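Structure below is work_11.txt: compact mmCIF, C-alpha atoms and all ligand atoms.
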```txt
# COMPACT_ATOMS: atom_id res chain seq x y z
CA MET A 229 28.55 46.14 88.01
CA ASN A 230 30.07 46.99 91.37
CA TYR A 231 30.69 43.34 92.14
CA ILE A 232 33.68 43.43 89.79
CA ASN A 233 35.21 46.21 91.89
CA GLU A 234 34.63 44.00 94.91
CA PHE A 235 37.34 41.71 93.50
CA ARG A 236 39.74 44.57 94.22
CA ASN A 237 38.61 45.00 97.82
CA ARG A 238 41.68 45.87 99.90
CA ASP A 239 40.47 44.29 103.11
CA MET A 240 39.87 41.00 101.38
CA VAL A 241 43.30 41.13 99.75
CA LYS A 242 44.83 41.78 103.18
CA GLY A 243 42.75 39.02 104.68
CA PHE A 244 44.10 36.51 102.18
CA ALA A 245 47.65 37.78 102.74
CA GLU A 246 47.24 37.15 106.47
CA ARG A 247 45.87 33.66 105.91
CA ILE A 248 48.74 32.77 103.57
CA ARG A 249 51.22 34.11 106.13
CA ARG A 250 49.68 32.00 108.88
CA LEU A 251 49.53 28.92 106.68
CA THR A 252 53.23 29.07 105.85
CA GLU A 253 54.47 30.23 109.26
CA ASP A 254 56.02 26.91 110.23
CA ARG A 255 57.31 26.03 106.83
CA SER A 256 61.06 26.11 106.38
CA GLU A 257 61.20 25.44 102.65
CA PRO A 258 60.01 28.07 100.20
CA VAL A 259 57.07 27.35 97.89
CA THR A 260 57.27 28.43 94.26
CA PHE A 261 54.26 29.08 92.07
CA MET A 262 54.47 29.95 88.40
CA GLU A 263 51.99 31.97 86.39
CA VAL A 264 51.93 31.34 82.65
CA CYS A 265 49.74 34.17 81.46
CA GLY A 266 50.90 37.64 80.52
CA THR A 267 47.85 39.27 82.05
CA HIS A 268 48.68 37.60 85.38
CA THR A 269 52.28 38.80 85.07
CA MET A 270 51.04 42.36 84.62
CA ALA A 271 48.43 42.16 87.36
CA ILE A 272 50.89 40.69 89.88
CA CYS A 273 53.29 43.60 89.23
CA GLN A 274 50.58 46.24 89.01
CA PHE A 275 48.91 45.33 92.29
CA GLY A 276 52.18 44.64 94.10
CA ILE A 277 51.09 41.09 94.93
CA ARG A 278 54.65 39.90 95.64
CA SER A 279 55.12 42.46 98.38
CA LEU A 280 51.96 41.19 100.11
CA LEU A 281 53.15 37.61 100.28
CA PRO A 282 55.49 36.20 102.92
CA PRO A 283 59.07 35.67 101.67
CA ARG A 284 58.53 31.91 101.74
CA VAL A 285 55.97 32.17 98.95
CA ARG A 286 57.65 32.92 95.62
CA LEU A 287 55.84 33.81 92.42
CA ILE A 288 57.74 33.37 89.17
CA SER A 289 56.67 34.21 85.64
CA GLY A 290 56.66 31.70 82.82
CA PRO A 291 56.14 31.85 79.06
CA GLY A 292 52.77 33.60 79.23
CA CYS A 293 53.29 36.42 76.80
CA PRO A 294 52.49 35.24 73.26
CA VAL A 295 54.47 38.03 71.64
CA CYS A 296 57.51 37.26 73.80
CA VAL A 297 57.62 33.54 73.01
CA THR A 298 57.37 34.17 69.26
CA PRO A 299 60.87 33.60 67.85
CA ASN A 300 62.73 36.13 65.72
CA GLY A 301 62.28 34.05 62.58
CA TYR A 302 58.54 34.72 62.59
CA LEU A 303 59.06 38.45 62.77
CA ASP A 304 61.63 38.29 60.01
CA ARG A 305 59.08 36.59 57.79
CA ALA A 306 56.45 39.21 58.65
CA VAL A 307 58.95 41.93 57.76
CA ALA A 308 59.76 40.21 54.46
CA CYS A 309 56.02 40.06 53.67
CA SER A 310 55.62 43.75 54.51
CA ARG A 311 58.20 44.59 51.83
CA LEU A 312 56.19 42.91 49.06
CA PRO A 313 54.19 45.13 46.73
CA ASP A 314 50.42 45.22 47.17
CA VAL A 315 50.58 43.86 50.70
CA ILE A 316 48.90 45.30 53.77
CA ILE A 317 50.08 43.81 57.06
CA ALA A 318 47.42 43.84 59.76
CA THR A 319 48.47 43.15 63.33
CA PHE A 320 47.67 43.56 67.00
CA GLY A 321 49.59 46.57 68.31
CA ASP A 322 51.95 44.56 70.54
CA MET A 323 53.87 43.18 67.58
CA MET A 324 54.93 46.55 66.17
CA ARG A 325 58.03 47.20 68.22
CA VAL A 326 59.27 43.66 68.72
CA PRO A 327 62.79 43.54 67.33
CA GLY A 328 63.38 40.90 64.67
CA SER A 329 66.85 39.93 63.51
CA SER A 330 67.61 43.35 62.06
CA THR A 331 64.49 45.50 62.13
CA SER A 332 60.96 45.81 63.52
CA LEU A 333 57.57 46.38 61.89
CA MET A 334 57.60 49.89 63.34
CA GLU A 335 60.81 50.70 61.47
CA GLU A 336 59.46 49.11 58.32
CA ARG A 337 56.33 51.24 58.53
CA ALA A 338 58.48 54.36 58.87
CA ARG A 339 60.21 53.24 55.67
CA GLY A 340 56.91 53.08 53.86
CA ALA A 341 55.48 49.61 54.44
CA ASP A 342 51.69 49.52 54.77
CA ILE A 343 51.18 48.12 58.27
CA ARG A 344 47.89 48.62 60.13
CA ILE A 345 47.12 47.99 63.76
CA VAL A 346 43.74 46.37 64.26
CA TYR A 347 41.76 45.53 67.38
CA SER A 348 40.04 42.46 65.96
CA PRO A 349 41.01 40.02 63.20
CA LEU A 350 37.57 40.80 61.75
CA ASP A 351 38.84 44.34 61.13
CA ALA A 352 41.57 42.79 59.00
CA VAL A 353 38.93 40.89 57.02
CA GLY A 354 37.17 44.24 56.56
CA LEU A 355 40.41 45.71 55.21
CA ALA A 356 40.66 42.89 52.68
CA ALA A 357 37.07 43.51 51.54
CA LYS A 358 37.76 47.22 51.12
CA ASN A 359 41.06 46.73 49.28
CA PRO A 360 40.43 44.13 46.58
CA GLY A 361 43.66 45.02 44.78
CA LYS A 362 45.77 44.27 47.85
CA ARG A 363 46.73 41.19 49.80
CA VAL A 364 45.98 41.61 53.50
CA ILE A 365 48.15 39.48 55.78
CA PHE A 366 47.10 39.22 59.40
CA LEU A 367 49.79 38.28 61.93
CA GLY A 368 48.16 35.44 63.83
CA VAL A 369 49.96 35.31 67.15
CA GLY A 370 48.47 34.20 70.44
CA PHE A 371 47.41 31.28 72.60
CA GLU A 372 44.13 29.38 72.73
CA THR A 373 42.27 32.55 73.69
CA THR A 374 43.18 34.29 70.45
CA ALA A 375 43.44 31.38 68.00
CA PRO A 376 39.65 30.82 67.78
CA THR A 377 39.15 34.49 66.88
CA ILE A 378 41.64 34.07 64.02
CA ALA A 379 39.88 30.89 62.94
CA GLY A 380 36.65 32.89 63.03
CA SER A 381 38.17 35.53 60.78
CA ILE A 382 39.21 32.91 58.21
CA LEU A 383 35.69 31.46 58.23
CA ALA A 384 34.28 34.97 57.80
CA ALA A 385 36.63 35.67 54.87
CA ALA A 386 35.69 32.34 53.28
CA ALA A 387 31.99 33.09 53.70
CA GLN A 388 32.51 36.46 51.98
CA GLY A 389 34.39 34.78 49.15
CA LEU A 390 37.55 36.85 49.74
CA ASP A 391 40.71 35.59 48.08
CA ASN A 392 42.98 38.37 49.37
CA TYR A 393 42.91 37.65 53.11
CA PHE A 394 45.79 35.64 54.58
CA VAL A 395 47.01 34.70 58.03
CA LEU A 396 50.66 34.24 58.96
CA ALA A 397 49.98 31.89 61.84
CA ALA A 398 52.24 31.23 64.82
CA HIS A 399 49.67 30.18 67.39
CA LYS A 400 50.75 28.24 70.42
CA THR A 401 48.94 26.10 72.91
CA MET A 402 49.51 26.22 76.62
CA PRO A 403 49.50 22.91 78.52
CA LYS A 404 52.57 21.47 76.70
CA PRO A 405 55.13 24.10 77.78
CA MET A 406 53.74 23.77 81.32
CA GLU A 407 54.61 20.08 81.13
CA VAL A 408 58.17 20.91 80.00
CA LEU A 409 58.58 23.35 82.89
CA ALA A 410 56.97 20.99 85.39
CA ALA A 411 59.55 18.36 84.50
CA ASP A 412 62.48 20.77 84.81
CA PRO A 413 64.43 19.76 87.92
CA GLU A 414 66.10 23.16 88.17
CA LEU A 415 62.80 25.02 88.50
CA ARG A 416 61.04 22.91 91.12
CA ILE A 417 57.62 24.43 90.60
CA ASP A 418 55.21 23.67 93.44
CA GLY A 419 52.10 24.85 91.66
CA PHE A 420 50.69 26.55 88.59
CA ILE A 421 48.53 29.66 88.57
CA CYS A 422 46.75 28.52 85.41
CA PRO A 423 45.80 31.09 82.78
CA ALA A 424 42.31 32.51 83.04
CA HIS A 425 41.10 33.16 79.52
CA VAL A 426 43.09 30.40 77.86
CA SER A 427 41.20 28.13 80.26
CA ALA A 428 37.88 29.71 79.28
CA ILE A 429 38.50 28.02 75.91
CA ILE A 430 40.36 24.79 76.77
CA GLY A 431 38.64 24.14 80.12
CA ALA A 432 40.23 23.30 83.46
CA GLU A 433 40.21 19.57 82.57
CA ALA A 434 43.18 20.30 80.28
CA TYR A 435 45.50 20.54 83.31
CA ARG A 436 44.46 17.21 84.82
CA PHE A 437 47.60 15.42 83.58
CA LEU A 438 49.83 17.94 85.34
CA ALA A 439 48.10 17.26 88.65
CA ASP A 440 47.92 13.49 88.16
CA GLU A 441 51.21 12.64 86.45
CA TYR A 442 53.46 15.45 87.65
CA ARG A 443 51.76 15.89 91.04
CA ILE A 444 51.63 19.62 90.58
CA PRO A 445 48.71 21.59 92.02
CA CYS A 446 46.90 23.69 89.41
CA VAL A 447 44.47 26.52 90.15
CA VAL A 448 42.75 28.41 87.36
CA THR A 449 42.79 31.95 88.67
CA GLY A 450 41.18 35.26 87.68
CA PHE A 451 42.98 38.56 87.16
CA GLU A 452 41.79 40.79 89.98
CA PRO A 453 43.89 41.11 93.15
CA VAL A 454 41.38 39.16 95.25
CA ASP A 455 41.35 36.41 92.60
CA ILE A 456 45.13 36.13 92.59
CA MET A 457 45.42 36.11 96.37
CA GLN A 458 42.73 33.45 96.67
CA GLY A 459 44.42 31.42 93.93
CA VAL A 460 47.73 31.57 95.79
CA GLU A 461 45.99 30.58 99.02
CA MET A 462 44.36 27.57 97.32
CA LEU A 463 47.73 26.49 95.90
CA THR A 464 49.45 26.95 99.26
CA ARG A 465 46.83 24.81 100.98
CA GLN A 466 47.28 22.03 98.45
CA VAL A 467 51.06 22.07 98.94
CA LEU A 468 50.73 21.93 102.72
CA GLU A 469 48.19 19.13 102.55
CA GLY A 470 50.34 17.21 100.06
CA LYS A 471 47.61 17.30 97.41
CA SER A 472 47.80 17.88 93.69
CA LEU A 473 44.40 18.80 92.34
CA VAL A 474 43.01 20.98 89.61
CA GLU A 475 40.81 23.68 91.12
CA ILE A 476 38.94 26.58 89.58
CA GLN A 477 39.10 29.85 91.48
CA TYR A 478 37.77 31.82 88.48
CA SER A 479 34.52 29.90 88.33
CA ARG A 480 32.52 32.92 87.18
CA VAL A 481 34.13 32.51 83.75
CA VAL A 482 35.96 29.18 83.50
CA LYS A 483 34.20 25.81 83.37
CA TRP A 484 35.69 22.32 83.46
CA GLU A 485 34.81 21.65 79.85
CA GLY A 486 35.77 25.10 78.52
CA ASN A 487 34.15 26.55 75.41
CA LYS A 488 33.27 23.70 73.08
CA LYS A 489 31.99 25.85 70.26
CA ALA A 490 35.23 27.88 70.15
CA ARG A 491 37.26 24.66 70.10
CA GLU A 492 35.14 23.29 67.24
CA ILE A 493 35.78 26.40 65.17
CA LEU A 494 39.45 26.18 66.08
CA SER A 495 39.78 22.59 64.90
CA GLN A 496 37.80 23.30 61.76
CA VAL A 497 40.57 25.66 60.63
CA PHE A 498 43.71 24.65 62.52
CA THR A 499 45.60 21.45 63.12
CA SER A 500 48.23 20.76 65.74
CA CYS A 501 51.92 21.13 64.86
CA ASP A 502 55.30 21.42 66.54
CA ALA A 503 56.21 24.95 67.55
CA ASP A 504 59.31 26.92 68.42
CA TRP A 505 59.23 28.79 71.69
CA ARG A 506 61.74 31.50 72.37
CA GLY A 507 63.93 30.26 75.19
CA ILE A 508 62.38 26.81 75.40
CA GLY A 509 62.98 25.52 71.88
CA THR A 510 60.78 23.23 69.85
CA ILE A 511 57.93 21.59 71.73
CA PRO A 512 56.13 18.82 69.83
CA GLY A 513 52.42 19.41 69.36
CA SER A 514 52.45 22.85 70.99
CA GLY A 515 51.48 24.90 67.97
CA LEU A 516 48.61 25.36 65.53
CA GLU A 517 48.89 25.57 61.76
CA ILE A 518 46.20 26.22 59.19
CA GLY A 519 44.80 22.91 57.99
CA ALA A 520 44.59 21.70 54.39
CA ALA A 521 40.97 22.79 53.93
CA TYR A 522 41.93 26.45 54.45
CA ALA A 523 45.47 26.31 53.00
CA SER A 524 44.70 29.10 50.53
CA PHE A 525 44.42 31.48 53.51
CA ASP A 526 47.83 30.47 54.87
CA ALA A 527 50.36 33.22 54.15
CA ALA A 528 53.25 30.84 54.83
CA ARG A 529 52.10 28.60 51.94
CA ALA A 530 50.41 31.07 49.61
CA ILE A 531 52.92 33.92 49.76
CA PRO A 532 56.51 32.76 49.40
CA VAL A 533 59.16 35.24 50.54
CA GLU A 534 62.86 35.25 51.11
CA VAL A 535 63.61 35.68 54.79
CA GLU A 536 66.80 37.21 56.14
CA GLU A 537 69.27 35.17 58.15
CA LEU A 538 68.38 34.66 61.78
CA ARG A 539 70.23 36.62 64.43
CA GLU A 540 69.62 36.58 68.18
CA HIS A 541 70.13 39.63 70.37
CA ALA A 542 73.43 39.44 72.19
CA GLY A 543 73.13 39.75 75.93
CA CYS A 544 69.33 39.42 76.10
CA LEU A 545 68.20 36.88 78.67
CA CYS A 546 64.58 36.66 77.40
CA GLY A 547 64.95 32.93 76.91
CA GLU A 548 65.82 32.32 80.56
CA ILE A 549 63.21 34.83 81.70
CA LEU A 550 60.50 32.96 79.81
CA LYS A 551 61.42 29.76 81.66
CA GLY A 552 61.29 31.57 84.98
CA LYS A 553 64.96 30.83 85.64
CA VAL A 554 66.06 34.43 86.00
CA ALA A 555 64.23 37.62 86.94
CA PRO A 556 64.44 40.84 84.88
CA GLY A 557 66.74 42.41 87.47
CA ASP A 558 69.28 39.66 86.78
CA CYS A 559 69.73 40.88 83.23
CA PRO A 560 72.61 43.36 82.96
CA LEU A 561 70.79 45.23 80.19
CA PHE A 562 67.59 45.70 82.23
CA GLY A 563 66.75 49.38 82.66
CA THR A 564 70.05 50.50 81.15
CA THR A 565 70.49 49.47 77.53
CA CYS A 566 67.06 47.86 77.49
CA THR A 567 64.00 49.97 78.30
CA PRO A 568 60.44 50.05 76.92
CA GLU A 569 61.47 53.04 74.78
CA ALA A 570 64.45 51.20 73.30
CA PRO A 571 63.79 47.49 73.87
CA VAL A 572 66.46 44.91 73.14
CA GLY A 573 64.30 41.83 73.64
CA ALA A 574 60.65 40.92 73.22
CA CYS A 575 60.07 40.65 76.98
CA MET A 576 60.61 44.41 77.24
CA VAL A 577 58.34 45.31 74.34
CA SER A 578 55.03 43.67 74.88
CA SER A 579 53.03 45.24 77.69
CA GLU A 580 52.62 41.71 79.05
CA GLY A 581 56.31 40.92 78.93
CA THR A 582 57.97 40.10 82.22
CA CYS A 583 60.69 42.73 81.74
CA ALA A 584 58.21 45.42 80.68
CA ALA A 585 55.93 44.73 83.66
CA ALA A 586 58.89 44.79 86.05
CA TYR A 587 60.14 48.04 84.52
CA LYS A 588 56.79 49.76 84.60
CA TYR A 589 55.76 48.84 88.12
CA GLY A 590 59.18 48.50 89.71
CA ARG A 591 60.55 45.17 90.80
CA MET B 1126 47.50 40.76 74.16
CA CYS B 1127 45.34 37.99 75.49
CA VAL B 1128 43.54 40.59 77.54
CA GLY B 1129 39.86 39.81 77.79
CA VAL B 1130 37.56 42.30 79.42
CA PRO B 1131 34.16 41.76 81.02
CA MET B 1132 31.51 43.75 79.18
CA GLN B 1133 27.73 43.91 79.29
CA VAL B 1134 25.64 43.14 76.23
CA VAL B 1135 23.46 46.13 75.29
CA SER B 1136 22.10 44.89 71.97
CA ILE B 1137 22.30 41.95 69.60
CA ASP B 1138 21.76 42.12 65.84
CA ASN B 1139 20.63 39.36 63.47
CA ASN B 1140 24.13 38.66 62.19
CA GLY B 1141 25.38 37.22 65.47
CA SER B 1142 27.08 40.38 66.57
CA ALA B 1143 26.53 42.28 69.81
CA ILE B 1144 27.19 45.77 71.08
CA THR B 1145 28.78 45.54 74.51
CA GLU B 1146 29.60 48.20 77.04
CA MET B 1147 31.72 48.72 80.10
CA ASP B 1148 32.39 51.97 81.92
CA GLY B 1149 30.82 53.90 79.07
CA VAL B 1150 33.06 52.29 76.42
CA ARG B 1151 31.17 50.48 73.66
CA ARG B 1152 32.58 47.66 71.57
CA GLU B 1153 31.21 45.42 68.91
CA ALA B 1154 31.68 41.75 69.71
CA SER B 1155 31.03 38.75 67.50
CA LEU B 1156 29.03 35.99 69.20
CA MET B 1157 30.34 33.38 66.75
CA LEU B 1158 32.36 31.55 69.41
CA LEU B 1159 29.57 31.18 71.95
CA SER B 1160 27.11 28.34 71.88
CA ASP B 1161 24.94 29.32 74.83
CA GLU B 1162 22.25 31.86 74.33
CA VAL B 1163 23.36 35.34 75.23
CA LYS B 1164 20.72 37.87 76.23
CA VAL B 1165 20.82 41.62 76.48
CA GLY B 1166 22.04 42.43 79.99
CA ASP B 1167 24.36 39.41 80.23
CA PHE B 1168 28.04 39.85 80.88
CA VAL B 1169 30.60 38.35 78.51
CA ILE B 1170 34.39 38.33 78.29
CA VAL B 1171 35.38 40.15 75.11
CA HIS B 1172 38.73 39.44 73.48
CA ALA B 1173 39.91 40.75 70.11
CA GLY B 1174 36.39 41.54 68.96
CA PHE B 1175 34.85 38.23 70.00
CA ALA B 1176 32.86 37.21 73.06
CA ILE B 1177 34.81 34.17 74.22
CA SER B 1178 32.91 33.27 77.36
CA ARG B 1179 29.99 34.24 79.49
CA LEU B 1180 30.56 35.77 82.88
CA ASP B 1181 28.23 34.15 85.38
CA GLU B 1182 27.09 37.04 87.54
CA GLU B 1183 25.45 34.81 90.11
CA ASP B 1184 28.64 32.80 90.49
CA ALA B 1185 30.61 36.01 91.02
CA ARG B 1186 28.24 37.12 93.77
CA GLU B 1187 28.37 33.70 95.41
CA THR B 1188 32.18 33.67 95.40
CA LEU B 1189 32.22 37.09 97.04
CA ALA B 1190 29.59 36.14 99.61
CA LEU B 1191 31.56 33.03 100.54
CA MET B 1192 34.75 35.02 100.96
CA ARG B 1193 33.00 37.62 103.10
CA GLU B 1194 31.57 34.91 105.29
CA VAL B 1195 34.97 33.29 105.82
CA PHE B 1196 36.57 36.59 106.71
CA SER B 1197 33.78 37.67 109.02
CA VAL B 1198 34.31 34.67 111.29
CA GLU B 1199 38.09 35.04 111.21
CA ASP B 1200 40.01 37.51 113.22
CA MET B 1201 41.31 39.79 110.51
CA ALA B 1202 44.08 41.38 112.54
S1 LIG C 1301 65.79 43.32 80.15
FE1 LIG C 1301 65.77 43.44 77.91
S2 LIG C 1301 67.65 42.47 77.26
FE2 LIG C 1301 67.28 41.84 79.38
S3 LIG C 1301 66.10 39.94 79.22
FE3 LIG C 1301 64.62 41.56 79.37
S4 LIG C 1301 64.13 42.06 77.24
FE4 LIG C 1301 66.04 40.88 77.20
```
Would you mind giving the structure from this file in structure tokens?
Amino acid sequence: MNYINEFRNRDMVKGFAERIRRLTEDRSEPVTFMEVCGTHTMAICQFGIRSLLPPRVRLISGPGCPVCVTPNGYLDRAVACSRLPDVIIATFGDMMRVPGSSTSLMEERARGADIRIVYSPLDAVGLAAKNPGKRVIFLGVGFETTAPTIAGSILAAAAQGLDNYFVLAAHKTMPKPMEVLAADPELRIDGFICPAHVSAIIGAEAYRFLADEYRIPCVVTGFEPVDIMQGVEMLTRQVLEGKSLVEIQYSRVVKWEGNKKAREILSQVFTSCDADWRGIGTIPGSGLEIGAAYASFDAARAIPVEVEELREHAGCLCGEILKGKVAPGDCPLFGTTCTPEAPVGACMVSSEGTCAAAYKYGR
Amino acid sequence: MCVGVPMQVVSIDNNGSAITEMDGVRREASLMLLSDEVKVGDFVIVHAGFAISRLDEEDARETLALMREVFSVEDMA
């Protein structure tokens, strides 16, 4: 398995850095590339990629952290569900400390709510099978990588005849927000570092319209340092040559057509809907809701609750951060009032959040 | 949260579930989302308890070989 370590090879990383430096030597204008995947955000901070690039090449982070883009209202509903009798909330760990309007799941658990962290949505189905007297609600958050696994869990629950497994779904899909950001004249994005594992599902073809209609180079890039440096080099080349193509750097995993089977399972359970993105607002057709055939598994329909009034966190710039318009260091709360131990906004909570990554690895 | 990790398949049971391993860590992974045949020894990307994609080992080696070739002819000052 040593070939995976090879994608961290320092000499190769340096080699790419040198090539990118040479390529952009004569360029007066800066080039700006955006990554829209939380794992890229983390990797870029962790491996110090920005410090390896010439100052003319800027990397900015977009709305790539699914927890971060989930608006407060969703969390408030999850909290309201957790206060119902006979309910077990099952969730990925990242959601626990995200502050809702007035409280977080972590605080609710301390007050006695039954909230379990699971690794797989199938574990939540297992919980439902083991606790027939309870209603198990799984918090379905995530992009196209995660949504098929949630769809799979609903199919598994249906196959087992379970009537006490529910999903509170807030899934989002990626290419649409990229379109919104591509069209934003303030941002002037020169290229997208396209998400790796989202693309494993949707396929690189999904970005074609960004390259064709918006003339923005797109490179589907892996997560290792060598992957990221090569991805940036490919984008830089396209910019210099005046091209806008879709390219796959991460060809060992991502194919043009993506994963058809996963998409079939996804569309068996989910249908497209409008979705609210923290910071960006409502984007038509950028979300997934549980379709009519599986409506009985939809917590939003099957389990009515009263949700508290929505409140945003004063002073938090998460919304602007998620659009790549400001960096964590621009937020006056960063590192003072807002730290991973006592987060004010979602971007500081999730390990993939832009603020959390910047805090952990230094700007 | 979207983290997907490459893992190697060590066994497959009849229910479409595999045991996968990386660096001594073992994880169960459902094969429900994969259409291509997965064999013991293959690498897959595992996310939230599901194999979501195969990792093409040959492709990985080719990519690396190509990079090495490019850098060997360049002056890597
Ligand atoms: S540092 Fe904290 S308060 Fe500021 S934008 Fe980030 S999450 Fe929000």
What separates CA of Glu246 (chain A) and CA of Glu461 (chain A) is a distance of 10.0 Å
Expressed in Å, the length from atom S4 of ligand LIG 1301 (chain C) to CA of Ala352 (chain A) is 29.0 Å
task = Using only C-alpha atoms and all ligand atoms, find each protein or nucleic acid residue lying at most 10 Å from ligand LIG 1301 (chain C); present the set as a ChimeraX atom specification.
result = /A:296,326,541-550,554-568,570-578,581-584,586-587
Go ahead and write the residues just picked, C-alpha atoms, as an mmCIF file, keeping the file's coordinate frame.
```
data_model
loop_
_atom_site.group_PDB
_atom_site.id
_atom_site.type_symbol
_atom_site.label_atom_id
_atom_site.label_comp_id
_atom_site.auth_asym_id
_atom_site.auth_seq_id
_atom_site.Cartn_x
_atom_site.Cartn_y
_atom_site.Cartn_z
ATOM 1 C CA CYS A 296 57.510 37.260 73.800
ATOM 2 C CA VAL A 326 59.270 43.660 68.720
ATOM 3 C CA HIS A 541 70.130 39.630 70.370
ATOM 4 C CA ALA A 542 73.430 39.440 72.190
ATOM 5 C CA GLY A 543 73.130 39.750 75.930
ATOM 6 C CA CYS A 544 69.330 39.420 76.100
ATOM 7 C CA LEU A 545 68.200 36.880 78.670
ATOM 8 C CA CYS A 546 64.580 36.660 77.400
ATOM 9 C CA GLY A 547 64.950 32.930 76.910
ATOM 10 C CA GLU A 548 65.820 32.320 80.560
ATOM 11 C CA ILE A 549 63.210 34.830 81.700
ATOM 12 C CA LEU A 550 60.500 32.960 79.810
ATOM 13 C CA VAL A 554 66.060 34.430 86.000
ATOM 14 C CA ALA A 555 64.230 37.620 86.940
ATOM 15 C CA PRO A 556 64.440 40.840 84.880
ATOM 16 C CA GLY A 557 66.740 42.410 87.470
ATOM 17 C CA ASP A 558 69.280 39.660 86.780
ATOM 18 C CA CYS A 559 69.730 40.880 83.230
ATOM 19 C CA PRO A 560 72.610 43.360 82.960
ATOM 20 C CA LEU A 561 70.790 45.230 80.190
ATOM 21 C CA PHE A 562 67.590 45.700 82.230
ATOM 22 C CA GLY A 563 66.750 49.380 82.660
ATOM 23 C CA THR A 564 70.050 50.500 81.150
ATOM 24 C CA THR A 565 70.490 49.470 77.530
ATOM 25 C CA CYS A 566 67.060 47.860 77.490
ATOM 26 C CA THR A 567 64.000 49.970 78.300
ATOM 27 C CA PRO A 568 60.440 50.050 76.920
ATOM 28 C CA ALA A 570 64.450 51.200 73.300
ATOM 29 C CA PRO A 571 63.790 47.490 73.870
ATOM 30 C CA VAL A 572 66.460 44.910 73.140
ATOM 31 C CA GLY A 573 64.300 41.830 73.640
ATOM 32 C CA ALA A 574 60.650 40.920 73.220
ATOM 33 C CA CYS A 575 60.070 40.650 76.980
ATOM 34 C CA MET A 576 60.610 44.410 77.240
ATOM 35 C CA VAL A 577 58.340 45.310 74.340
ATOM 36 C CA SER A 578 55.030 43.670 74.880
ATOM 37 C CA GLY A 581 56.310 40.920 78.930
ATOM 38 C CA THR A 582 57.970 40.100 82.220
ATOM 39 C CA CYS A 583 60.690 42.730 81.740
ATOM 40 C CA ALA A 584 58.210 45.420 80.680
ATOM 41 C CA ALA A 586 58.890 44.790 86.050
ATOM 42 C CA TYR A 587 60.140 48.040 84.520
#
```
Mind checking which residues fall within 10 Å of region 1182-1187 of chain B, counting all atoms listed in the file, ignoring those fewer than 4 positions away in the same chain, and posting them as a tab-separated table (two decimals) with C-alpha atoms, keeping the file's coordinate frame?
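Output file part-v9.tsv is given in full below:
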```tsv
chain	number	residue	atom	x	y	z
A	229	MET	CA	28.55	46.14	88.01
A	231	TYR	CA	30.69	43.34	92.14
A	232	ILE	CA	33.68	43.43	89.79
A	234	GLU	CA	34.63	44.00	94.91
A	235	PHE	CA	37.34	41.71	93.50
A	478	TYR	CA	37.77	31.82	88.48
A	479	SER	CA	34.52	29.90	88.33
A	480	ARG	CA	32.52	32.92	87.18
A	481	VAL	CA	34.13	32.51	83.75
B	1167	ASP	CA	24.36	39.41	80.23
B	1168	PHE	CA	28.04	39.85	80.88
B	1169	VAL	CA	30.60	38.35	78.51
B	1191	LEU	CA	31.56	33.03	100.54
B	1192	MET	CA	34.75	35.02	100.96
B	1193	ARG	CA	33.00	37.62	103.10
```
Residue nearest Gly301 (chain A) among A:Ala398, A:Leu494, A:Ala384, A:Ile429 (counting all atoms listed in the file)
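The shortest atom-to-atom distance to Gly301 (chain A) comes from A:Ala398.
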Please determine, counting all atoms listed in the file, which residue among B:Ala1154, B:Ala1190, B:Val1134, B:Met1147 has the shortest atom-to-atom distance to His1172 (chain B).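 When distances to His1172 (chain B) are compared using all atoms listed in the file, the smallest one comes from B:Ala1154.
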Among B:Val1195, B:Thr1188, B:Leu1180, B:Lys1164, chain A is approached most closely, using only C-alpha atoms, by B:Leu1180
Would you list the residues near (55.6, 31.8, 51.8), meaning any protein, DNA or RNA residue with an atom at most 12 Å from that point in file coordinates, counting all atoms listed in the file, as a VMD selection string?
chain A and resid 302 305 to 306 308 to 309 312 365 394 to 397 523 to 535
What separates CA of Glu485 (chain A) and CA of Ile430 (chain A) is a distance of 7.1 Å
Selected residue, from A:Glu452, A:Asp412, A:Asp440, A:Asp254, that lies nearest to chain B when counting all atoms listed in the file: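 With all atoms listed in the file as the atom set, the closest residue is A:Glu452.
Closest approach to chain B from the set A:Cys293, A:Val364, A:Val307, A:Ala357 is made by A:Cys293, with distances taken over all atoms listed in the file.
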Determine, counting only C-alpha atoms, which protein, DNA and RNA residues have an atom within 8 Å of an atom of Leu1156 (chain B); residues of the same chain fewer than 2 positions away are not included. Present the result as a list in words. Gly1141, Ser1142, Ala1143, Ala1154, Leu1158, Leu1159, Phe1175, Ala1176 and Ile1177 of chain B
Show which residues sit within 12 Å of Leu287 (chain A), as an MDAnalysis selection string. Count only C-alpha atoms, and ignore same-chain residues fewer than 3 positions away. chainID A and resid 258:264 268:269 272:273 276:284 290 415 417:421 456:457 459:460 463:464 552:553 555
Leaving out Val1165 (chain B) and any residue of its chain fewer than 5 positions from it, which residues lie within 10 Å of it when counting only C-alpha atoms, given as a PDB file with C-alpha atoms, in the frame of the given file?
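Result file is selection_29.pdb:
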```pdb
ATOM      1  CA  GLN B1133      27.730  43.910  79.290  1.00  0.00           C
ATOM      2  CA  VAL B1134      25.640  43.140  76.230  1.00  0.00           C
ATOM      3  CA  VAL B1135      23.460  46.130  75.290  1.00  0.00           C
ATOM      4  CA  SER B1136      22.100  44.890  71.970  1.00  0.00           C
ATOM      5  CA  ILE B1137      22.300  41.950  69.600  1.00  0.00           C
ATOM      6  CA  ALA B1143      26.530  42.280  69.810  1.00  0.00           C
ATOM      7  CA  ILE B1144      27.190  45.770  71.080  1.00  0.00           C
ATOM      8  CA  THR B1145      28.780  45.540  74.510  1.00  0.00           C
TER       9      THR B1145
END
```
